[in-house]
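Next comes input_4.cif, with mmCIF, C-alpha atoms and all ligand atoms.
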data_entry
loop_
_atom_site.group_PDB
_atom_site.id
_atom_site.type_symbol
_atom_site.label_atom_id
_atom_site.label_comp_id
_atom_site.auth_asym_id
_atom_site.auth_seq_id
_atom_site.Cartn_x
_atom_site.Cartn_y
_atom_site.Cartn_z
ATOM 1 C CA MET A 280 16.923 2.524 -5.855
ATOM 2 C CA GLN A 281 16.849 0.144 -2.899
ATOM 3 C CA HIS A 282 13.366 -1.381 -2.691
ATOM 4 C CA LEU A 283 10.973 -0.429 0.108
ATOM 5 C CA ILE A 284 9.195 -2.655 2.629
ATOM 6 C CA ALA A 285 5.827 -1.745 4.101
ATOM 7 C CA PRO A 286 4.592 -4.172 6.787
ATOM 8 C CA SER A 287 0.778 -4.306 6.842
ATOM 9 C CA LEU A 288 -0.466 -3.804 10.399
ATOM 10 C CA LEU A 289 -3.676 -5.656 9.524
ATOM 11 C CA SER A 290 -1.813 -8.853 10.457
ATOM 12 C CA ALA A 291 -0.342 -7.425 13.680
ATOM 13 C CA ASN A 292 -1.448 -8.380 17.170
ATOM 14 C CA PHE A 293 -3.825 -5.533 18.073
ATOM 15 C CA LEU A 294 -3.573 -6.367 21.764
ATOM 16 C CA GLN A 295 0.070 -5.415 21.563
ATOM 17 C CA LEU A 296 -0.071 -2.684 18.977
ATOM 18 C CA GLU A 297 2.495 -0.519 20.734
ATOM 19 C CA LYS A 298 5.002 -3.384 20.759
ATOM 20 C CA GLU A 299 4.360 -4.092 17.074
ATOM 21 C CA ILE A 300 4.903 -0.411 16.208
ATOM 22 C CA ASP A 301 8.172 -0.381 18.173
ATOM 23 C CA MET A 302 9.285 -3.477 16.307
ATOM 24 C CA ILE A 303 8.697 -1.742 12.959
ATOM 25 C CA ASN A 304 10.428 1.414 14.203
ATOM 26 C CA GLN A 305 13.495 -0.633 15.070
ATOM 27 C CA SER A 306 13.394 -2.710 11.903
ATOM 28 C CA GLN A 307 14.659 -1.973 8.412
ATOM 29 C CA ALA A 308 11.081 -1.427 7.205
ATOM 30 C CA ASP A 309 10.435 1.822 5.369
ATOM 31 C CA TRP A 310 6.737 2.541 5.868
ATOM 32 C CA PHE A 311 3.751 1.476 7.960
ATOM 33 C CA HIS A 312 1.057 0.078 5.630
ATOM 34 C CA LEU A 313 -2.424 0.755 7.050
ATOM 35 C CA ASP A 314 -5.503 -0.865 5.492
ATOM 36 C CA VAL A 315 -8.752 1.042 5.914
ATOM 37 C CA MET A 316 -11.926 -0.883 4.955
ATOM 38 C CA ASP A 317 -15.522 0.299 4.979
ATOM 39 C CA GLY A 318 -17.498 -2.935 4.664
ATOM 40 C CA LEU A 319 -18.957 -1.636 1.398
ATOM 41 C CA PHE A 320 -16.158 -1.418 -1.140
ATOM 42 C CA VAL A 321 -14.726 -4.581 0.406
ATOM 43 C CA PRO A 322 -16.541 -7.224 2.474
ATOM 44 C CA ASN A 323 -14.635 -6.376 5.659
ATOM 45 C CA ILE A 324 -14.271 -3.527 8.148
ATOM 46 C CA SER A 325 -10.891 -2.748 9.687
ATOM 47 C CA PHE A 326 -10.010 0.469 11.516
ATOM 48 C CA GLY A 327 -10.298 4.194 11.029
ATOM 49 C CA MET A 328 -9.243 7.636 12.238
ATOM 50 C CA PRO A 329 -8.778 7.132 16.008
ATOM 51 C CA VAL A 330 -6.570 4.103 15.504
ATOM 52 C CA ILE A 331 -4.461 5.800 12.814
ATOM 53 C CA LYS A 332 -4.103 8.868 15.032
ATOM 54 C CA ALA A 333 -2.788 6.684 17.869
ATOM 55 C CA ILE A 334 -0.379 4.851 15.570
ATOM 56 C CA LYS A 335 0.932 8.190 14.292
ATOM 57 C CA ARG A 336 1.963 9.214 17.802
ATOM 58 C CA LYS A 337 4.345 6.227 18.031
ATOM 59 C CA ALA A 338 5.371 5.620 14.417
ATOM 60 C CA GLU A 339 8.756 6.954 13.382
ATOM 61 C CA LYS A 340 8.266 6.145 9.707
ATOM 62 C CA PRO A 341 5.780 7.386 7.083
ATOM 63 C CA LEU A 342 2.205 6.076 7.140
ATOM 64 C CA ASP A 343 1.228 4.462 3.836
ATOM 65 C CA VAL A 344 -2.564 4.468 4.066
ATOM 66 C CA HIS A 345 -4.476 2.175 1.686
ATOM 67 C CA LEU A 346 -8.132 3.184 1.485
ATOM 68 C CA MET A 347 -10.565 0.426 0.564
ATOM 69 C CA ILE A 348 -13.579 2.712 0.874
ATOM 70 C CA MET A 349 -16.204 4.077 -1.531
ATOM 71 C CA ASP A 350 -15.902 7.739 -2.554
ATOM 72 C CA PRO A 351 -12.687 8.368 -0.637
ATOM 73 C CA ASP A 352 -12.865 12.076 -1.622
ATOM 74 C CA ARG A 353 -15.108 12.609 1.412
ATOM 75 C CA TYR A 354 -12.326 11.852 3.866
ATOM 76 C CA ILE A 355 -9.088 13.140 2.335
ATOM 77 C CA GLY A 356 -8.720 16.028 4.805
ATOM 78 C CA GLN A 357 -9.440 13.793 7.784
ATOM 79 C CA PHE A 358 -6.816 11.244 6.791
ATOM 80 C CA ARG A 359 -4.272 14.026 6.414
ATOM 81 C CA ASP A 360 -5.209 15.337 9.866
ATOM 82 C CA VAL A 361 -4.664 11.958 11.549
ATOM 83 C CA GLY A 362 -1.247 11.621 9.962
ATOM 84 C CA ALA A 363 -1.323 9.894 6.561
ATOM 85 C CA ASP A 364 1.817 10.593 4.514
ATOM 86 C CA ILE A 365 0.872 8.565 1.448
ATOM 87 C CA LEU A 366 -2.838 8.191 0.681
ATOM 88 C CA SER A 367 -3.918 5.609 -1.893
ATOM 89 C CA VAL A 368 -7.411 5.331 -3.350
ATOM 90 C CA HIS A 369 -8.904 2.619 -5.526
ATOM 91 C CA TYR A 370 -9.565 3.329 -9.196
ATOM 92 C CA GLU A 371 -12.746 1.276 -8.787
ATOM 93 C CA ALA A 372 -14.029 3.360 -5.844
ATOM 94 C CA CYS A 373 -13.444 6.781 -7.243
ATOM 95 C CA PRO A 374 -15.612 8.308 -10.004
ATOM 96 C CA HIS A 375 -13.430 11.437 -10.301
ATOM 97 C CA LEU A 376 -9.983 10.017 -9.823
ATOM 98 C CA HIS A 377 -8.101 12.918 -11.385
ATOM 99 C CA ARG A 378 -9.623 15.400 -8.969
ATOM 100 C CA CYS A 379 -9.221 13.032 -6.042
ATOM 101 C CA LEU A 380 -5.480 12.615 -6.666
ATOM 102 C CA GLN A 381 -5.092 16.373 -7.060
ATOM 103 C CA ASN A 382 -6.858 16.903 -3.731
ATOM 104 C CA ILE A 383 -4.549 14.460 -1.989
ATOM 105 C CA ARG A 384 -1.479 16.284 -3.294
ATOM 106 C CA ALA A 385 -2.976 19.686 -2.518
ATOM 107 C CA LYS A 386 -3.328 18.573 1.104
ATOM 108 C CA GLY A 387 0.397 17.828 1.239
ATOM 109 C CA MET A 388 0.339 14.023 0.928
ATOM 110 C CA LYS A 389 1.739 11.696 -1.720
ATOM 111 C CA ALA A 390 -1.076 10.397 -3.915
ATOM 112 C CA GLY A 391 -1.481 6.723 -4.753
ATOM 113 C CA VAL A 392 -3.915 4.944 -7.036
ATOM 114 C CA VAL A 393 -4.799 1.283 -6.492
ATOM 115 C CA LEU A 394 -5.907 -1.278 -9.073
ATOM 116 C CA ASN A 395 -7.882 -4.405 -8.228
ATOM 117 C CA PRO A 396 -6.754 -7.678 -9.833
ATOM 118 C CA HIS A 397 -9.443 -7.358 -12.533
ATOM 119 C CA SER A 398 -8.435 -3.847 -13.614
ATOM 120 C CA PRO A 399 -5.877 -3.575 -16.434
ATOM 121 C CA VAL A 400 -3.038 -1.084 -15.979
ATOM 122 C CA SER A 401 -4.078 0.677 -19.210
ATOM 123 C CA LEU A 402 -6.979 2.210 -17.240
ATOM 124 C CA ILE A 403 -4.635 4.623 -15.490
ATOM 125 C CA GLU A 404 -2.487 5.600 -18.460
ATOM 126 C CA ASP A 405 -4.019 9.084 -18.644
ATOM 127 C CA ILE A 406 -3.731 9.939 -14.939
ATOM 128 C CA LEU A 407 -0.318 8.431 -14.260
ATOM 129 C CA GLU A 408 1.183 11.921 -14.028
ATOM 130 C CA GLN A 409 -1.114 12.711 -11.097
ATOM 131 C CA ALA A 410 0.064 9.726 -9.081
ATOM 132 C CA ASP A 411 3.185 9.432 -6.944
ATOM 133 C CA MET A 412 2.544 5.715 -6.595
ATOM 134 C CA VAL A 413 0.503 2.932 -8.191
ATOM 135 C CA LEU A 414 -0.485 0.072 -5.921
ATOM 136 C CA LEU A 415 -1.228 -3.168 -7.733
ATOM 137 C CA MET A 416 -3.424 -5.542 -5.752
ATOM 138 C CA SER A 417 -2.149 -9.093 -6.088
ATOM 139 C CA VAL A 418 -5.142 -10.497 -4.177
ATOM 140 C CA ASN A 419 -8.749 -9.348 -3.970
ATOM 141 C CA PRO A 420 -8.723 -6.646 -1.306
ATOM 142 C CA GLY A 421 -10.376 -7.159 2.061
ATOM 143 C CA PHE A 422 -8.329 -9.771 3.873
ATOM 144 C CA GLY A 423 -4.776 -10.664 4.762
ATOM 145 C CA GLY A 424 -3.315 -14.118 4.260
ATOM 146 C CA GLN A 425 -4.596 -14.860 0.738
ATOM 147 C CA SER A 426 -2.470 -16.308 -2.013
ATOM 148 C CA PHE A 427 -0.736 -14.259 -4.685
ATOM 149 C CA ILE A 428 -2.409 -13.966 -8.110
ATOM 150 C CA PRO A 429 0.331 -14.830 -10.686
ATOM 151 C CA LYS A 430 -1.100 -12.569 -13.432
ATOM 152 C CA THR A 431 0.162 -9.613 -11.346
ATOM 153 C CA ILE A 432 3.710 -10.196 -12.651
ATOM 154 C CA SER A 433 2.835 -9.215 -16.213
ATOM 155 C CA LYS A 434 0.891 -6.204 -14.915
ATOM 156 C CA ILE A 435 3.973 -4.997 -13.019
ATOM 157 C CA LYS A 436 6.089 -5.267 -16.177
ATOM 158 C CA GLN A 437 3.501 -3.441 -18.275
ATOM 159 C CA LEU A 438 3.165 -0.683 -15.692
ATOM 160 C CA ARG A 439 6.948 -0.308 -15.427
ATOM 161 C CA GLU A 440 7.094 0.193 -19.204
ATOM 162 C CA MET A 441 4.265 2.707 -19.103
ATOM 163 C CA ILE A 442 5.962 4.731 -16.349
ATOM 164 C CA ASP A 443 9.312 4.710 -18.151
ATOM 165 C CA ARG A 444 7.701 5.638 -21.462
ATOM 166 C CA GLN A 445 6.126 8.715 -19.847
ATOM 167 C CA ASN A 446 9.416 9.543 -18.133
ATOM 168 C CA LEU A 447 7.832 9.555 -14.680
ATOM 169 C CA SER A 448 9.168 8.563 -11.274
ATOM 170 C CA THR A 449 5.904 6.989 -10.063
ATOM 171 C CA LEU A 450 6.547 4.156 -7.614
ATOM 172 C CA ILE A 451 5.068 0.684 -8.062
ATOM 173 C CA GLU A 452 3.816 -1.008 -4.896
ATOM 174 C CA VAL A 453 2.492 -4.581 -4.746
ATOM 175 C CA ASP A 454 0.096 -5.760 -2.046
ATOM 176 C CA GLY A 455 -1.313 -9.199 -1.222
ATOM 177 C CA GLY A 456 0.258 -12.625 -0.845
ATOM 178 C CA VAL A 457 3.789 -11.220 -0.960
ATOM 179 C CA THR A 458 6.318 -13.638 0.541
ATOM 180 C CA LEU A 459 10.068 -14.160 0.854
ATOM 181 C CA GLU A 460 9.646 -16.742 -1.914
ATOM 182 C CA ASN A 461 8.068 -14.469 -4.538
ATOM 183 C CA LYS A 462 9.673 -11.135 -3.610
ATOM 184 C CA ASN A 463 12.631 -11.464 -6.000
ATOM 185 C CA GLU A 464 10.423 -12.059 -9.000
ATOM 186 C CA LEU A 465 8.358 -9.013 -8.007
ATOM 187 C CA LEU A 466 11.454 -6.858 -7.698
ATOM 188 C CA ILE A 467 12.959 -8.030 -10.991
ATOM 189 C CA SER A 468 9.641 -7.279 -12.722
ATOM 190 C CA GLY A 469 9.825 -3.653 -11.588
ATOM 191 C CA THR A 470 8.310 -3.359 -8.105
ATOM 192 C CA ASP A 471 9.617 -0.551 -5.866
ATOM 193 C CA ALA A 472 7.666 -1.222 -2.661
ATOM 194 C CA LEU A 473 6.478 -4.526 -1.190
ATOM 195 C CA VAL A 474 3.590 -4.750 1.278
ATOM 196 C CA ALA A 475 3.589 -7.829 3.501
ATOM 197 C CA GLY A 476 1.220 -8.728 6.321
ATOM 198 C CA ASN A 477 1.141 -12.409 7.172
ATOM 199 C CA ALA A 478 4.594 -13.087 5.757
ATOM 200 C CA ILE A 479 6.012 -10.718 8.398
ATOM 201 C CA PHE A 480 3.744 -10.808 11.456
ATOM 202 C CA LYS A 481 2.962 -14.524 11.439
ATOM 203 C CA THR A 482 6.629 -15.511 11.552
ATOM 204 C CA GLU A 483 8.621 -16.344 14.657
ATOM 205 C CA ASP A 484 10.989 -13.396 14.262
ATOM 206 C CA PRO A 485 9.358 -10.516 12.334
ATOM 207 C CA LEU A 486 12.422 -8.317 12.747
ATOM 208 C CA LEU A 487 14.622 -10.869 11.017
ATOM 209 C CA THR A 488 11.965 -11.467 8.355
ATOM 210 C CA ILE A 489 11.939 -7.760 7.520
ATOM 211 C CA GLU A 490 15.727 -7.888 7.217
ATOM 212 C CA LEU A 491 15.382 -10.781 4.762
ATOM 213 C CA PHE A 492 12.738 -8.843 2.810
ATOM 214 C CA LYS A 493 15.170 -5.939 2.469
ATOM 215 C CA LYS A 494 17.875 -8.156 0.937
ATOM 216 C CA LYS A 495 18.076 -8.448 -2.844
HETATM 217 C C1 LIG B 1 -5.627 -6.704 1.715
HETATM 218 C C2 LIG B 1 -4.716 -5.625 2.220
HETATM 219 C C3 LIG B 1 -3.317 -6.057 2.416
HETATM 220 C C4 LIG B 1 -3.135 -7.185 3.408
HETATM 221 C C5 LIG B 1 -1.958 -7.979 2.933
HETATM 222 O O1 LIG B 1 -6.846 -6.148 1.394
HETATM 223 O O2 LIG B 1 -4.689 -4.538 1.312
HETATM 224 O O3 LIG B 1 -2.477 -4.954 2.745
HETATM 225 O O4 LIG B 1 -2.927 -6.774 4.722
HETATM 226 O O5 LIG B 1 -1.838 -9.116 3.698
HETATM 227 P P1 LIG B 1 -0.951 -10.354 3.234
HETATM 228 O O6 LIG B 1 0.455 -9.846 3.025
HETATM 229 O O7 LIG B 1 -1.062 -11.296 4.382
HETATM 230 O O8 LIG B 1 -1.548 -10.892 1.964
HETATM 231 ZN ZN ZN B 2 -3.148 -2.935 1.674
#
Please rewrite the model in this file as structure tokens.
Amino acid sequence: MQHLIAPSLLSANFLQLEKEIDMINQSQADWFHLDVMDGLFVPNISFGMPVIKAIKRKAEKPLDVHLMIMDPDRYIGQFRDVGADILSVHYEACPHLHRCLQNIRAKGMKAGVVLNPHSPVSLIEDILEQADMVLLMSVNPGFGGQSFIPKTISKIKQLREMIDRQNLSTLIEVDGGVTLENKNELLISGTDALVAGNAIFKTEDPLLTIELFKKK
């Protein structure tokens, strides 16, 4: 499978959001990665429903919504209604993860589970079947522009083995500090989807950068 690229709009220029969305529409990117933060689960607040709803009207690619909020179960229906296609919730923010993932699927979205850097992949062994995607955080969530935590590489490999062993088609996504320099190692280790914020939007030519991210 050709790997997927999901530019994180957190690093976009919000004064020109429409232009940034058009750029992604025209690019080789596969998804829009949207980071929702509640100021409680993570020490930052980003954007919520009205902004996602507006993005949905312009976006021509699936919305990959990464929830960094406590008890995400409360909002699953609302995120579906504003246009989320993939909805990912943190293992650490969700006391009833199995039910939460089932609810996401029941509402017609792909279900993702996210692990913080301190959480071993073994924690999700028993609910892997309920997840269409596992998102491994390679920085502590909350901010763009941080540097990649090297330990993530061995977690990707372990997770790849676990998925193959269970004969599943769960995707592995990696988020945080992803660059053109480390992308190949991430792909070789078993990553299917790369999220990149700063490494795309803070470059001179984001369109070209996305093209380079898509190359093997
Ligand atoms: C961090 C977010 C990331 C962030 C990545 O909490 O989940 O999606 O935007 O930004 P970069 O690629 O700049 O590390
Ligand atoms: Zn994210």
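Taking only C-alpha atoms and all ligand atoms into account, ligand LIG 1 (chain B) has within 6 Å the residues Ser287, Leu289, Asp314, Pro420, Gly421, Phe422, Gly423, Gly424, Gln425, Asp454, Gly455, Gly456, Val457, Ala475, Gly476, Asn477 and Ala478 of chain A.
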- [ ] Let me have all residues with an atom within 12 Å of ligand ZN 2 (chain B), counting only C-alpha atoms and all ligand atoms, laid out as a ChimeraX atom specification.
- [x] /A:285-290,311-316,321,325,342-348,366-369,391-395,414-424,452-457,472-477
Task: Non-local contacts of A:Ile435 (7 Å; only C-alpha atoms; under 3 positions in same chain excluded) as a VMD selection string - done: chain A and resid 431 to 432 438 to 439 468 to 470
Task: Pairwise distance for atom CA of A:Gly362 and atom CA of A:Ile284, rounded to one decimal in Å - done: 19.1 Å
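Of note, atom CA of A:Val413 and atom CA of A:Thr449 are spaced 7.0 Å apart.
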TODO: Name every residue that the PyMOL selection byres (((chain A and resi 306) around 12) and not hetatm) selects in this structure, writing the answer as JSON, numbers by chain with chains first and numbers rising.
DONE: {"A": [284, 285, 286, 299, 300, 301, 302, 303, 304, 305, 307, 308, 309, 310, 311, 338, 339, 340, 479, 484, 485, 486, 487, 488, 489, 490, 491, 492, 493]}
Can I get the selected residues back with C-alpha atoms, as a PDB file, in the coordinates of the input?
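That gives us out_5.pdb:
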ATOM      1  CA  ILE A 284       9.195  -2.655   2.629  1.00  0.00           C
ATOM      2  CA  ALA A 285       5.827  -1.745   4.101  1.00  0.00           C
ATOM      3  CA  PRO A 286       4.592  -4.172   6.787  1.00  0.00           C
ATOM      4  CA  GLU A 299       4.360  -4.092  17.074  1.00  0.00           C
ATOM      5  CA  ILE A 300       4.903  -0.411  16.208  1.00  0.00           C
ATOM      6  CA  ASP A 301       8.172  -0.381  18.173  1.00  0.00           C
ATOM      7  CA  MET A 302       9.285  -3.477  16.307  1.00  0.00           C
ATOM      8  CA  ILE A 303       8.697  -1.742  12.959  1.00  0.00           C
ATOM      9  CA  ASN A 304      10.428   1.414  14.203  1.00  0.00           C
ATOM     10  CA  GLN A 305      13.495  -0.633  15.070  1.00  0.00           C
ATOM     11  CA  GLN A 307      14.659  -1.973   8.412  1.00  0.00           C
ATOM     12  CA  ALA A 308      11.081  -1.427   7.205  1.00  0.00           C
ATOM     13  CA  ASP A 309      10.435   1.822   5.369  1.00  0.00           C
ATOM     14  CA  TRP A 310       6.737   2.541   5.868  1.00  0.00           C
ATOM     15  CA  PHE A 311       3.751   1.476   7.960  1.00  0.00           C
ATOM     16  CA  ALA A 338       5.371   5.620  14.417  1.00  0.00           C
ATOM     17  CA  GLU A 339       8.756   6.954  13.382  1.00  0.00           C
ATOM     18  CA  LYS A 340       8.266   6.145   9.707  1.00  0.00           C
ATOM     19  CA  ILE A 479       6.012 -10.718   8.398  1.00  0.00           C
ATOM     20  CA  ASP A 484      10.989 -13.396  14.262  1.00  0.00           C
ATOM     21  CA  PRO A 485       9.358 -10.516  12.334  1.00  0.00           C
ATOM     22  CA  LEU A 486      12.422  -8.317  12.747  1.00  0.00           C
ATOM     23  CA  LEU A 487      14.622 -10.869  11.017  1.00  0.00           C
ATOM     24  CA  THR A 488      11.965 -11.467   8.355  1.00  0.00           C
ATOM     25  CA  ILE A 489      11.939  -7.760   7.520  1.00  0.00           C
ATOM     26  CA  GLU A 490      15.727  -7.888   7.217  1.00  0.00           C
ATOM     27  CA  LEU A 491      15.382 -10.781   4.762  1.00  0.00           C
ATOM     28  CA  PHE A 492      12.738  -8.843   2.810  1.00  0.00           C
ATOM     29  CA  LYS A 493      15.170  -5.939   2.469  1.00  0.00           C
TER      30      LYS A 493
END
Need the axis-aligned box for stretch 332-340 of chain A with 6 Å each side, so what are the centre and edges in Å to one decimal, as JSON?
{"center_x": 2.3, "center_y": 7.0, "center_z": 13.9, "size_x": 24.9, "size_y": 16.4, "size_z": 20.3}
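We find atom CA of A:Leu319 and atom CA of A:Ala372 to be spaced 10.1 Å apart.
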Task: Given only C-alpha atoms as the counted atoms, nearest of A:Gln357, A:Ala385, A:Tyr370, A:Leu376 to A:Phe320 - done: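 Smallest separation from A:Phe320 among the options: A:Tyr370.
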Task: For A:Tyr354, the nearest of the candidates A:Val400, A:Leu283, A:Cys379, A:Ile467, counting only C-alpha atoms - done: A:Cys379
Task: Residues near A:Lys386, cut-off 10 Å, only C-alpha atoms, skip fewer than 5 positions along chain, as a ChimeraX atom specification - done: /A:355-356,358-360,381
Open item on the list: Calculated over all atoms listed in the file, which of the candidates A:Ser426, A:Gln295, A:Asn461, A:Gln409 has the smallest distance to A:Ala390?
Closed with: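 Of all the options, A:Gln409 lies closest to A:Ala390.
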Open item on the list: Using all atoms listed in the file, can you tell me which of A:Leu296, A:Leu466, A:Ile451, A:Ile442 comes closest to A:Ser401?
Closed with: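 Going through A:Leu296, A:Leu466, A:Ile451, A:Ile442 one by one, the smallest distance to A:Ser401 is for A:Ile442.
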Task: Closest of A:Ser433, A:Leu380, A:Ile428, A:Lys332 to A:Ala410 - atom-to-atom distances counting all atoms listed in the file - done: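 Among A:Ser433, A:Leu380, A:Ile428, A:Lys332, it is A:Leu380 that comes nearest to A:Ala410.
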